[in-house]
>>> print(open('target_17.txt').read())   # compact mmCIF, C-alpha atoms
# COMPACT_ATOMS: atom_id res chain seq x y z
CA MET X 14 -6.04 -1.33 22.29
CA SER X 15 -2.56 -2.48 23.32
CA ASP X 16 0.44 -2.85 21.03
CA VAL X 17 0.14 -6.03 18.99
CA GLN X 18 1.82 -8.39 16.58
CA LEU X 19 -0.82 -10.04 14.47
CA LYS X 20 -0.68 -13.84 14.66
CA CYS X 21 -1.39 -16.47 12.03
CA PRO X 22 -4.76 -18.18 12.72
CA ALA X 23 -3.25 -21.50 11.55
CA CYS X 24 0.04 -21.72 13.48
CA GLY X 25 0.20 -18.66 15.73
CA ALA X 26 3.35 -17.25 14.11
CA PRO X 27 3.58 -13.54 13.19
CA ILE X 28 1.71 -12.88 9.95
CA ASN X 29 2.37 -10.13 7.40
CA PHE X 30 0.54 -8.29 4.66
CA ASP X 31 1.42 -9.80 1.25
CA VAL X 32 1.48 -7.10 -1.43
CA PRO X 33 1.02 -9.27 -4.59
CA SER X 34 -2.06 -11.08 -3.27
CA GLY X 35 -3.48 -8.30 -1.12
CA ARG X 36 -3.96 -10.89 1.65
CA MET X 37 -2.23 -11.77 4.91
CA LYS X 38 0.43 -14.49 4.50
CA CYS X 39 2.31 -16.51 7.11
CA ASN X 40 6.01 -16.97 6.31
CA TYR X 41 6.17 -20.06 8.53
CA CYS X 42 3.27 -22.25 7.40
CA SER X 43 2.52 -20.38 4.11
CA ALA X 44 -1.17 -20.11 4.98
CA THR X 45 -3.03 -17.08 3.60
CA PHE X 46 -6.02 -15.26 5.06
CA SER X 47 -8.03 -12.16 4.33
CA VAL X 48 -7.39 -9.06 6.40
CA GLN X 49 -10.83 -9.51 7.95
CA GLU X 50 -10.05 -13.10 8.99
CA VAL X 51 -6.79 -12.09 10.66
CA ASN X 52 -8.52 -9.17 12.37
CA GLN X 53 -11.20 -11.53 13.68
CA PHE X 54 -8.63 -13.99 15.03
CA ASN X 55 -6.62 -11.25 16.73
CA GLY X 56 -9.63 -9.41 18.12
CA ILE X 57 -9.16 -6.40 15.88
CA ASN X 58 -12.61 -6.46 14.25
CA ALA X 59 -14.38 -5.44 17.46
CA ALA X 60 -12.11 -2.42 17.84
CA ASN X 61 -12.62 -1.45 14.20
CA GLN X 62 -16.39 -1.64 14.66
CA GLU X 63 -16.14 0.61 17.71
CA LEU X 64 -13.97 2.98 15.69
CA GLU X 65 -16.49 3.14 12.85
CA SER X 66 -19.36 3.75 15.26
CA ALA X 67 -17.40 6.54 16.93
CA ARG X 68 -16.55 8.08 13.56
CA GLN X 69 -20.17 8.05 12.41
CA ALA X 70 -21.27 9.56 15.72
CA GLN X 71 -18.64 12.29 15.35
CA LYS X 72 -19.82 13.09 11.81
CA THR X 73 -23.41 13.31 13.05
CA ASN X 74 -22.40 15.67 15.84
CA ASN X 75 -20.40 17.87 13.46
CA GLN X 76 -23.30 17.99 11.01
CA SER X 77 -25.75 18.90 13.76
CA GLU X 78 -23.48 21.71 14.96
CA THR X 79 -23.11 23.01 11.40
CA GLU X 80 -26.86 23.02 10.86
CA LEU X 81 -27.42 24.74 14.20
CA ASN X 82 -24.89 27.45 13.41
CA ALA X 83 -26.41 27.97 9.97
CA ALA X 84 -29.90 28.29 11.45
CA GLY X 85 -28.90 30.78 14.13
CA GLY X 86 -26.22 32.73 12.33
CA GLY X 87 -28.54 35.26 10.69
CA ALA X 88 -26.74 34.99 7.36
CA GLU X 89 -27.98 37.40 4.69
CA ASN X 90 -28.93 36.26 1.20
CA ILE X 91 -25.94 36.30 -1.11
CA ASP X 92 -26.22 36.31 -4.91
CA THR X 93 -23.88 33.64 -6.26
CA SER X 94 -25.39 33.41 -9.76
CA SER X 95 -22.31 34.92 -11.43
CA PRO X 96 -19.03 33.08 -10.99
CA GLN X 97 -17.16 36.34 -11.70
CA THR X 98 -18.42 37.85 -8.45
CA THR X 99 -17.26 36.08 -5.32
CA SER X 100 -17.50 37.02 -1.67
CA SER X 101 -14.28 37.47 0.24
CA LEU X 102 -13.79 35.29 3.28
CA PRO X 103 -14.04 36.98 6.68
CA PRO X 104 -10.58 37.82 8.06
CA GLU X 105 -11.03 35.39 10.95
CA THR X 106 -11.71 32.40 8.63
CA PRO X 107 -8.64 30.12 8.90
CA GLY X 108 -9.43 27.88 5.92
CA TRP X 109 -9.99 24.17 6.36
CA VAL X 110 -10.94 23.27 9.89
CA GLU X 111 -9.66 19.94 11.12
CA PRO X 112 -12.61 17.91 12.43
CA ASP X 113 -12.49 16.50 15.92
CA PRO X 114 -10.37 13.31 15.88
CA THR X 115 -11.80 9.87 16.47
CA TYR X 116 -9.82 7.68 18.88
CA LEU X 117 -9.62 3.95 19.37
CA ASP X 118 -9.97 4.64 23.07
CA GLU X 119 -9.45 7.42 25.58
CA ALA X 120 -5.81 8.05 26.54
CA THR X 121 -3.65 10.59 28.27
CA GLY X 122 -1.75 11.65 25.15
CA GLU X 123 1.63 10.83 26.69
CA LYS X 124 4.20 10.22 23.95
CA MET X 125 5.82 6.79 23.66
CA ALA X 126 9.29 6.06 22.39
CA GLN X 127 9.92 2.69 24.08
CA PHE X 128 8.02 -0.48 23.19
CA GLU X 129 8.10 -4.17 24.06
CA CYS X 130 8.08 -6.80 21.31
CA GLY X 131 5.09 -9.11 21.67
CA SER X 132 7.03 -12.08 20.25
CA CYS X 133 10.38 -12.04 22.03
CA GLY X 134 9.86 -9.44 24.76
CA GLY X 135 12.77 -7.37 23.47
CA GLU X 136 12.86 -3.62 23.89
CA ILE X 137 12.12 -1.53 20.79
CA ILE X 138 13.23 2.09 20.81
CA GLY X 139 11.79 4.34 18.13
CA PRO X 140 10.75 7.92 17.40
CA ALA X 141 7.78 9.27 19.30
CA ASP X 142 5.63 9.18 16.14
CA MET X 143 6.47 5.58 15.16
CA VAL X 144 3.48 3.29 14.54
CA SER X 145 4.98 0.20 12.88
CA THR X 146 8.47 -1.23 12.38
CA LYS X 147 10.51 -4.46 12.68
CA CYS X 148 11.80 -5.78 15.99
CA PRO X 149 15.63 -5.49 15.93
CA TRP X 150 15.92 -8.65 18.07
CA CYS X 151 13.66 -11.22 16.39
CA ASN X 152 12.97 -9.38 13.08
CA ASN X 153 9.23 -9.85 13.49
CA ASN X 154 6.86 -7.08 12.47
CA PHE X 155 5.63 -4.83 15.23
CA VAL X 156 2.59 -2.52 15.14
CA ALA X 157 2.35 -0.01 17.99
CA THR X 158 -1.42 0.40 17.87
CA GLY X 159 -1.18 2.09 21.25
CA GLN X 160 0.30 5.05 19.35
CA LEU X 161 -3.00 5.52 17.57
CA THR X 162 -4.76 6.16 20.86
CA ARG X 163 -2.64 9.29 21.14
CA THR X 164 -3.26 10.69 17.67
CA ARG X 165 -5.85 10.62 14.93
CA VAL X 166 -6.89 7.29 13.46
CA PRO X 167 -6.66 7.53 9.64
CA ASP X 168 -10.01 8.00 7.95
CA ARG X 169 -8.79 5.58 5.26
CA MET X 170 -5.62 4.30 3.61
CA ILE X 171 -4.24 2.84 0.37
CA PRO X 172 -2.44 -0.51 0.84
CA PHE X 173 0.84 -1.21 -0.94
CA GLY X 174 0.44 -2.42 -4.51
CA MET X 175 4.16 -2.66 -5.41
CA THR X 176 6.61 -5.05 -3.79
CA LYS X 177 10.14 -4.39 -2.60
CA GLU X 178 11.45 -6.36 -5.58
CA GLN X 179 9.46 -4.17 -7.96
CA ALA X 180 10.83 -1.03 -6.30
CA LEU X 181 14.39 -2.29 -6.74
CA ALA X 182 13.68 -3.28 -10.36
CA ALA X 183 12.32 0.22 -11.07
CA PHE X 184 15.48 1.75 -9.60
CA LYS X 185 17.73 -0.51 -11.70
CA GLN X 186 15.71 0.15 -14.85
CA GLN X 187 15.87 3.90 -14.33
CA ALA X 188 19.64 3.78 -13.77
CA ALA X 189 20.25 1.50 -16.77
CA GLY X 190 18.57 3.97 -19.12
CA LEU X 191 20.81 6.90 -18.14
CA LYS X 192 23.98 7.19 -20.20
CA LEU X 193 25.81 9.79 -18.12
CA ILE X 194 25.74 8.12 -14.69
CA PRO X 195 28.94 6.37 -13.50
CA ASN X 196 29.17 2.69 -14.44
CA ALA X 197 29.94 1.84 -10.81
CA PHE X 198 26.63 3.38 -9.71
CA LYS X 199 24.72 0.98 -11.92
CA GLN X 200 26.20 -1.89 -9.92
CA VAL X 201 25.63 -0.32 -6.49
CA SER X 202 23.95 -2.47 -3.88
CA VAL X 203 20.77 -0.94 -2.48
CA ASN X 204 20.53 -2.10 1.12
CA ASP X 205 18.63 0.85 2.57
CA ILE X 206 15.10 0.42 1.21
CA GLN X 207 11.94 0.78 3.26
CA GLY X 208 8.26 0.51 2.60
CA VAL X 209 6.71 3.43 4.45
CA TYR X 210 3.14 4.49 5.06
CA VAL X 211 3.33 8.27 4.94
CA PRO X 212 0.63 10.35 6.68
CA TYR X 213 -1.18 12.77 4.38
CA TRP X 214 -3.94 15.34 4.72
CA LEU X 215 -6.54 15.25 1.93
CA TYR X 216 -8.43 18.45 1.09
CA ASP X 217 -11.71 19.04 -0.75
CA ALA X 218 -12.80 22.48 -1.95
CA SER X 219 -14.65 24.40 -4.64
CA VAL X 220 -12.73 27.32 -6.13
CA ALA X 221 -14.24 30.27 -8.00
CA GLY X 222 -11.65 32.01 -10.14
CA VAL X 223 -11.58 35.15 -12.27
CA ALA X 224 -8.56 36.24 -14.33
CA THR X 225 -7.75 38.98 -16.83
CA PHE X 226 -5.19 38.56 -19.60
CA GLU X 227 -3.45 40.95 -21.96
CA CYS X 228 -3.26 39.21 -25.32
CA GLU X 229 -1.44 40.30 -28.45
CA ARG X 230 -1.79 39.31 -32.09
CA THR X 231 0.51 40.47 -34.90
CA SER X 232 -0.03 40.00 -38.63
CA SER X 233 1.95 41.21 -41.67
CA TRP X 234 1.32 41.52 -45.39
CA SER X 235 2.94 43.27 -48.37
CA ASP X 236 2.03 44.89 -51.67
CA SER X 237 4.24 46.16 -54.44
CA ASP X 238 5.25 49.22 -52.45
CA TYR X 239 5.07 48.50 -48.75
CA THR X 240 5.13 45.88 -46.03
CA TYR X 241 2.36 46.31 -43.47
CA THR X 242 2.27 45.13 -39.86
CA GLU X 243 -0.86 45.15 -37.72
CA HIS X 244 -0.41 44.82 -33.95
CA ASP X 245 -3.59 44.28 -31.91
CA VAL X 246 -3.82 44.22 -28.12
CA TYR X 247 -6.84 42.65 -26.39
CA SER X 248 -8.05 42.48 -22.82
CA VAL X 249 -9.53 39.01 -22.23
CA SER X 250 -11.41 37.92 -19.12
CA ARG X 251 -12.12 34.35 -18.03
CA ASN X 252 -14.00 32.87 -15.07
CA ALA X 253 -14.43 29.31 -13.85
CA ASN X 254 -15.64 27.21 -10.96
CA VAL X 255 -13.31 24.29 -10.23
CA ALA X 256 -14.08 21.49 -7.76
CA TYR X 257 -11.13 19.76 -6.08
CA LEU X 258 -11.34 16.35 -4.45
CA ASP X 259 -8.56 14.69 -2.43
CA VAL X 260 -5.76 17.22 -2.89
CA PRO X 261 -2.87 15.70 -0.90
CA VAL X 262 -0.39 17.46 1.36
CA SER X 263 2.21 15.46 3.30
CA GLY X 264 1.69 15.31 7.04
CA THR X 265 5.31 14.45 7.86
CA SER X 266 8.50 16.51 7.94
CA LYS X 267 10.65 13.39 7.48
CA VAL X 268 10.09 13.21 3.70
CA THR X 269 10.56 16.30 1.52
CA ALA X 270 7.60 17.84 -0.30
CA GLU X 271 9.56 17.50 -3.55
CA LEU X 272 9.48 13.70 -3.23
CA THR X 273 5.94 13.33 -1.88
CA GLU X 274 4.44 15.53 -4.60
CA ALA X 275 6.61 14.21 -7.43
CA ILE X 276 5.29 10.64 -7.08
CA GLU X 277 1.64 11.70 -7.39
CA PRO X 278 -1.05 10.88 -8.37
CA PHE X 279 -2.64 8.21 -6.19
CA ASP X 280 -5.89 6.46 -7.10
CA TYR X 281 -8.05 7.17 -4.05
CA SER X 282 -10.90 5.04 -5.38
CA THR X 283 -8.92 2.00 -4.19
CA SER X 284 -8.63 3.26 -0.60
CA VAL X 285 -9.82 1.00 2.20
CA ALA X 286 -10.86 1.45 5.80
CA PHE X 287 -7.90 1.64 8.15
CA SER X 288 -6.73 -1.62 9.73
CA PRO X 289 -3.44 -2.31 11.61
CA ALA X 290 -3.06 -5.50 9.52
CA TYR X 291 -2.02 -3.45 6.47
CA LEU X 292 0.86 -1.92 8.45
CA THR X 293 2.64 -5.24 9.12
CA GLY X 294 5.97 -5.41 7.30
CA PHE X 295 6.19 -1.66 6.77
CA VAL X 296 7.39 1.39 8.68
CA THR X 297 4.67 3.85 9.67
CA ASN X 298 4.87 7.22 11.39
CA LYS X 299 1.97 9.33 12.55
CA TYR X 300 1.81 12.94 11.41
CA ASP X 301 4.07 15.63 12.83
CA VAL X 302 2.75 18.38 10.54
CA GLU X 303 -0.59 19.64 11.83
CA ALA X 304 -3.46 20.15 9.39
CA GLU X 305 -3.45 23.86 10.20
CA THR X 306 0.19 24.04 9.12
CA ALA X 307 -0.50 22.12 5.90
CA ASN X 308 -3.53 24.23 4.92
CA PRO X 309 -1.59 26.98 3.07
CA ARG X 310 0.13 24.43 0.81
CA ALA X 311 -3.22 22.87 -0.14
CA LEU X 312 -4.64 26.29 -0.96
CA GLU X 313 -1.54 27.22 -2.96
CA ARG X 314 -1.84 24.05 -5.07
CA MET X 315 -5.52 24.71 -5.77
CA ARG X 316 -4.94 28.35 -6.68
CA LYS X 317 -2.11 27.48 -9.06
CA SER X 318 -4.23 24.78 -10.70
CA ALA X 319 -7.22 27.13 -11.06
CA GLU X 320 -5.01 29.78 -12.68
CA ASP X 321 -3.72 27.14 -15.11
CA VAL X 322 -7.32 26.22 -16.00
CA LEU X 323 -8.11 29.87 -16.70
CA ARG X 324 -4.88 30.37 -18.66
CA ASN X 325 -5.42 27.28 -20.81
CA SER X 326 -8.90 28.49 -21.77
CA VAL X 327 -7.34 31.40 -23.70
CA SER X 328 -5.98 30.58 -27.15
CA GLY X 329 -5.53 32.04 -30.64
CA TYR X 330 -3.09 34.80 -29.69
CA ASP X 331 0.63 35.26 -30.29
CA SER X 332 1.29 36.15 -26.65
CA ILE X 333 -0.80 35.84 -23.50
CA GLN X 334 0.05 37.52 -20.19
CA MET X 335 -2.06 37.24 -17.02
CA THR X 336 -2.51 40.72 -15.54
CA SER X 337 -4.77 39.95 -12.58
CA SER X 338 -6.54 37.06 -10.89
CA ASN X 339 -8.87 36.50 -7.97
CA ILE X 340 -9.27 32.99 -6.58
CA GLU X 341 -11.87 32.43 -3.86
CA PRO X 342 -12.10 28.99 -2.19
CA SER X 343 -15.11 27.42 -0.55
CA PHE X 344 -13.62 24.97 1.92
CA GLY X 345 -14.86 21.38 2.02
CA GLU X 346 -13.88 18.25 3.91
CA LEU X 347 -10.49 17.39 5.36
CA GLU X 348 -9.33 13.80 5.84
CA TYR X 349 -6.30 12.06 7.34
CA VAL X 350 -4.92 9.09 5.38
CA PHE X 351 -1.93 6.74 5.10
CA LEU X 352 -0.40 6.42 1.60
CA PRO X 353 2.29 3.89 0.52
CA LEU X 354 5.83 4.89 -0.53
CA TRP X 355 9.03 2.96 -1.14
CA LEU X 356 12.02 5.04 0.01
CA LEU X 357 15.53 4.17 -1.19
CA ASN X 358 18.79 5.65 0.02
CA VAL X 359 22.06 5.03 -1.83
CA SER X 360 25.51 6.07 -0.57
CA PHE X 361 27.91 6.65 -3.45
CA ALA X 362 31.20 8.54 -3.66
CA GLY X 363 30.65 10.16 -0.28
CA GLN X 364 27.14 11.41 -1.04
CA ASN X 365 23.62 10.19 -0.25
CA TYR X 366 21.07 9.91 -3.04
CA ASN X 367 17.41 9.65 -2.04
CA TYR X 368 14.71 8.07 -4.19
CA ALA X 369 11.00 7.46 -3.80
CA MET X 370 8.48 5.25 -5.55
CA ASN X 371 4.72 5.45 -5.37
CA GLY X 372 3.81 2.23 -3.56
CA GLN X 373 0.55 1.98 -5.48
CA THR X 374 1.41 2.95 -9.09
CA GLY X 375 5.19 2.43 -9.25
CA LYS X 376 6.01 6.01 -10.32
CA PHE X 377 9.70 6.53 -9.50
CA VAL X 378 11.57 9.81 -8.83
CA GLY X 379 15.08 10.80 -7.75
CA THR X 380 18.32 12.46 -8.90
CA PHE X 381 21.21 10.35 -10.18
CA PRO X 382 24.96 11.24 -10.13
CA VAL X 383 26.67 12.31 -13.36
CA SER X 384 30.03 10.98 -14.49
CA LYS X 385 32.31 13.92 -15.28
CA ALA X 386 34.32 11.77 -17.65
CA LYS X 387 31.21 10.76 -19.60
CA TYR X 388 29.87 14.32 -19.55
CA TRP X 389 32.99 15.97 -20.92
CA GLY X 390 33.67 13.04 -23.20
CA GLY X 391 30.20 13.45 -24.65
CA LEU X 392 30.71 17.16 -25.23
CA LEU X 393 34.07 16.46 -26.86
CA GLY X 394 32.51 13.84 -29.10
CA ILE X 395 29.77 16.26 -30.18
CA ALA X 396 32.33 19.01 -30.85
CA THR X 397 34.49 16.60 -32.90
CA ALA X 398 31.50 15.45 -34.93
CA LEU X 399 30.49 19.05 -35.65
CA THR X 400 34.03 19.92 -36.67
CA VAL X 401 34.20 17.00 -39.09
CA ALA X 402 30.77 17.82 -40.53
CA LEU X 403 31.57 21.50 -41.01
CA GLY X 404 34.95 20.63 -42.48
CA ALA X 405 33.33 18.33 -45.03
CA VAL X 406 31.09 21.20 -46.13
CA PHE X 407 33.55 24.10 -46.25
CA ILE X 408 36.91 22.51 -47.21
CA PRO X 409 35.86 21.89 -50.87
CA PHE X 410 35.06 25.61 -51.18
CA LEU X 411 38.20 26.77 -49.39
CA ALA X 412 40.63 24.38 -51.09
CA PRO X 413 41.12 26.50 -54.30
CA TRP X 414 41.93 29.54 -52.21
CA LEU X 415 44.33 27.63 -49.98
CA LEU X 416 46.16 26.08 -52.97
CA ASN X 417 46.69 29.52 -54.53
>>> encode(input="target_17.txt", output="structure tokens")
Amino acid sequence: MSDVQLKCPACGAPINFDVPSGRMKCNYCSATFSVQEVNQFNGINAANQELESARQAQKTNNQSETELNAAGGGAENIDTSSPQTTSSLPPETPGWVEPDPTYLDEATGEKMAQFECGSCGGEIIGPADMVSTKCPWCNNNFVATGQLTRTRVPDRMIPFGMTKEQALAAFKQQAAGLKLIPNAFKQVSVNDIQGVYVPYWLYDASVAGVATFECERTSSWSDSDYTYTEHDVYSVSRNANVAYLDVPVSGTSKVTAELTEAIEPFDYSTSVAFSPAYLTGFVTNKYDVEAETANPRALERMRKSAEDVLRNSVSGYDSIQMTSSNIEPSFGELEYVFLPLWLLNVSFAGQNYNYAMNGQTGKFVGTFPVSKAKYWGGLLGIATALTVALGAVFIPFLAPWLLN
């Protein structure tokens, strides 16, 4: 498939994905169409059908290979009846194994950084992993579908559910509720805001966990002669099997893990099959963090969560300290998806402040500047109030002594 700009079936003008309606909308004739209708008009449906057929064939091949390996591997019977006893993974097991990618068509894999706008013919220069952007010459949306012939096609994606206006409103609302930020920052103009489809890896796994805790309980009582204290120490063991579905790890190095993880969760039940139509109007980059590189972070998140489950199952003690734990994963499926984010960048007082909003739920995160004047003024006000309050309490008692 060549690089395209999706056209309006009514007038032929470039057509974009409209977030509020979830449909494709033409900004020239105001006509609206479903994603499927626009795909049909632009010849995308046939490619998507080929993609789905290829994906199903790939899954069948992978399943057949798995069954063949299981039949000929000579595996011994393993007793898994007790969740406290788990088998260690062989040293050569790398964790999640990325399945063979499905392509829109066969290609050489040569990276592209120069594109031609389908509307005006202007040259578009972008990063080698760019998939969608706006043409700097005619401002029409451009989707470099040719890029997807050189990388994985997403297994699925979540379309934007929040508009640019809603992202800006969330930023303003967050700033308005903070008393210590500079007044000038509340009036700052946010010009650098982009809707971005961020590549993610989604991990499934079952985790068997065992943990031991040292727990203490102290009680005291008194009689007419003595005060007694009883200090008991217990060794408590817990085990659990936890199933994880769709644990996300960012597949790009361009957005920090602090931002991508802070805006979670996403509702993956609303995900749809990938279509280039959803990318129109937004910036999209393909992954530059391989699944193999992202694997350890997924495993770390699952292990920490499993330990929290085990820890939260222990209660009724004055203190609880985990002394040992053993977390054994059984690796499941791995998927590649596009998830929606609004990214905002604000330059203020010589510094850049970065913000992110979940493009599906509207969850907003970011660090705001603090006004030194307001900060120290607030501390001074608190100190003054405390001084007045303490003076009102103690002066009546000290006055007789001071007068003498």
>>> atom_distance(input="target_17.txt", atom1="CA of Asp168 in chain X", atom2="CA of Tyr349 in chain X")
5.5 Å
>>> atom_distance(input="target_17.txt", atom1="CA of Tyr213 in chain X", atom2="CA of Leu272 in chain X")
13.1 Å
>>> atom_distance(input="target_17.txt", atom1="CA of Pro261 in chain X", atom2="CA of Tyr216 in chain X")
6.5 Å
>>> closest_residue(input="target_17.txt", among="X:Met370, X:Val255, X:Ala224, X:Val166", to="Ala286 in chain X", atoms="only C-alpha atoms")
X:Val166
>>> residues_around(input="target_17.txt", residues="range 287-299 of chain X", least_positions_apart="4", cutoff="7 Å", atoms="all atoms listed in the file", output="PyMOL selection string")
chain X and resi 29-30+48+142-146+154-156+167-170+172+208-212
>>> residues_around(input="target_17.txt", residues="Glu111 in chain X", least_positions_apart="6", cutoff="9 Å", atoms="only C-alpha atoms", output="mmCIF file with C-alpha atoms, in the coordinates of the input")
data_model
loop_
_atom_site.group_PDB
_atom_site.id
_atom_site.type_symbol
_atom_site.label_atom_id
_atom_site.label_comp_id
_atom_site.auth_asym_id
_atom_site.auth_seq_id
_atom_site.Cartn_x
_atom_site.Cartn_y
_atom_site.Cartn_z
ATOM 1 C CA ALA X 304 -3.460 20.150 9.390
ATOM 2 C CA GLU X 305 -3.450 23.860 10.200
ATOM 3 C CA GLU X 346 -13.880 18.250 3.910
ATOM 4 C CA LEU X 347 -10.490 17.390 5.360
ATOM 5 C CA GLU X 348 -9.330 13.800 5.840
#
>>> residues_near_point(input="target_17.txt", point="(-6.4, -19.8, 7.4)", cutoff="9 Å", atoms="only C-alpha atoms", output="list in words")
Cys21, Pro22, Ala23, Ala44, Thr45, Phe46, Ser47, Glu50 and Val51 of chain X
>>> write_last_selection(input="target_17.txt", atoms="C-alpha atoms", output="mmCIF file, in the frame of the given file")
data_model
loop_
_atom_site.group_PDB
_atom_site.id
_atom_site.type_symbol
_atom_site.label_atom_id
_atom_site.label_comp_id
_atom_site.auth_asym_id
_atom_site.auth_seq_id
_atom_site.Cartn_x
_atom_site.Cartn_y
_atom_site.Cartn_z
ATOM 1 C CA CYS X 21 -1.390 -16.470 12.030
ATOM 2 C CA PRO X 22 -4.760 -18.180 12.720
ATOM 3 C CA ALA X 23 -3.250 -21.500 11.550
ATOM 4 C CA ALA X 44 -1.170 -20.110 4.980
ATOM 5 C CA THR X 45 -3.030 -17.080 3.600
ATOM 6 C CA PHE X 46 -6.020 -15.260 5.060
ATOM 7 C CA SER X 47 -8.030 -12.160 4.330
ATOM 8 C CA GLU X 50 -10.050 -13.100 8.990
ATOM 9 C CA VAL X 51 -6.790 -12.090 10.660
#
>>> residues_around(input="target_17.txt", residues="Asp259 in chain X", least_positions_apart="2", cutoff="12 Å", atoms="all atoms listed in the file", output="NGL selection string")
:X and (169 or 213-219 or 256-257 or 261-262 or 277-282 or 284 or 311 or 314-315 or 345-350)
>>> residues_near_point(input="target_17.txt", point="(23.4, 10.9, -12.5)", cutoff="10 Å", atoms="only C-alpha atoms", output="JSON, numbers by chain")
{"X": [188, 191, 192, 193, 194, 195, 198, 366, 379, 380, 381, 382, 383, 384, 385]}
>>> write_last_selection(input="target_17.txt", atoms="C-alpha atoms", output="short mmCIF file (atom, residue, chain, number, x, y, z; two decimals), keeping the file's coordinate frame")
data_model
loop_
_atom_site.label_atom_id
_atom_site.label_comp_id
_atom_site.auth_asym_id
_atom_site.auth_seq_id
_atom_site.Cartn_x
_atom_site.Cartn_y
_atom_site.Cartn_z
CA ALA X 188 19.64 3.78 -13.77
CA LEU X 191 20.81 6.90 -18.14
CA LYS X 192 23.98 7.19 -20.20
CA LEU X 193 25.81 9.79 -18.12
CA ILE X 194 25.74 8.12 -14.69
CA PRO X 195 28.94 6.37 -13.50
CA PHE X 198 26.63 3.38 -9.71
CA TYR X 366 21.07 9.91 -3.04
CA GLY X 379 15.08 10.80 -7.75
CA THR X 380 18.32 12.46 -8.90
CA PHE X 381 21.21 10.35 -10.18
CA PRO X 382 24.96 11.24 -10.13
CA VAL X 383 26.67 12.31 -13.36
CA SER X 384 30.03 10.98 -14.49
CA LYS X 385 32.31 13.92 -15.28
#
>>> closest_residue(input="target_17.txt", among="X:Asp238, X:Ala319, X:Ala362, X:Phe54", to="Pro342 in chain X", atoms="all atoms listed in the file")
X:Ala319
>>> closest_residue(input="target_17.txt", among="X:Val246, X:Val220, X:Leu356, X:Ala253", to="Ile333 in chain X", atoms="only C-alpha atoms")
X:Val246
>>> residues_around(input="target_17.txt", residues="Arg316 in chain X", least_positions_apart="4", cutoff="10 Å", atoms="only C-alpha atoms", output="list in words")
Val220, Ala221, Gly222, Val255, Arg310, Ala311, Leu312, Glu320, Asp321, Val322, Ser338, Asn339, Ile340, Glu341 and Pro342 of chain X
>>> closest_residue(input="target_17.txt", among="X:Ala183, X:Ala369, X:Ala275, X:Val223", to="Ser337 in chain X", atoms="only C-alpha atoms")
X:Val223
>>> closest_residue(input="target_17.txt", among="X:Phe226, X:Tyr241, X:Phe344, X:Phe173", to="Gly108 in chain X", atoms="all atoms listed in the file")
X:Phe344
>>> residues_around(input="target_17.txt", residues="Val327 in chain X", least_positions_apart="4", cutoff="12 Å", atoms="all atoms listed in the file", output="compact mmCIF listing (two decimals) with C-alpha atoms, keeping the file's coordinate frame")
# COMPACT_ATOMS: atom_id res chain seq x y z
CA ALA X 224 -8.56 36.24 -14.33
CA THR X 225 -7.75 38.98 -16.83
CA PHE X 226 -5.19 38.56 -19.60
CA GLU X 227 -3.45 40.95 -21.96
CA CYS X 228 -3.26 39.21 -25.32
CA GLU X 229 -1.44 40.30 -28.45
CA TYR X 247 -6.84 42.65 -26.39
CA SER X 248 -8.05 42.48 -22.82
CA VAL X 249 -9.53 39.01 -22.23
CA SER X 250 -11.41 37.92 -19.12
CA ARG X 251 -12.12 34.35 -18.03
CA ASN X 252 -14.00 32.87 -15.07
CA GLU X 320 -5.01 29.78 -12.68
CA ASP X 321 -3.72 27.14 -15.11
CA VAL X 322 -7.32 26.22 -16.00
CA LEU X 323 -8.11 29.87 -16.70
CA ASP X 331 0.63 35.26 -30.29
CA SER X 332 1.29 36.15 -26.65
CA ILE X 333 -0.80 35.84 -23.50
CA GLN X 334 0.05 37.52 -20.19
CA MET X 335 -2.06 37.24 -17.02
>>> closest_residue(input="target_17.txt", among="X:Thr269, X:Ser43, X:Asn254, X:Gln179", to="Asn367 in chain X", atoms="all atoms listed in the file")
X:Thr269
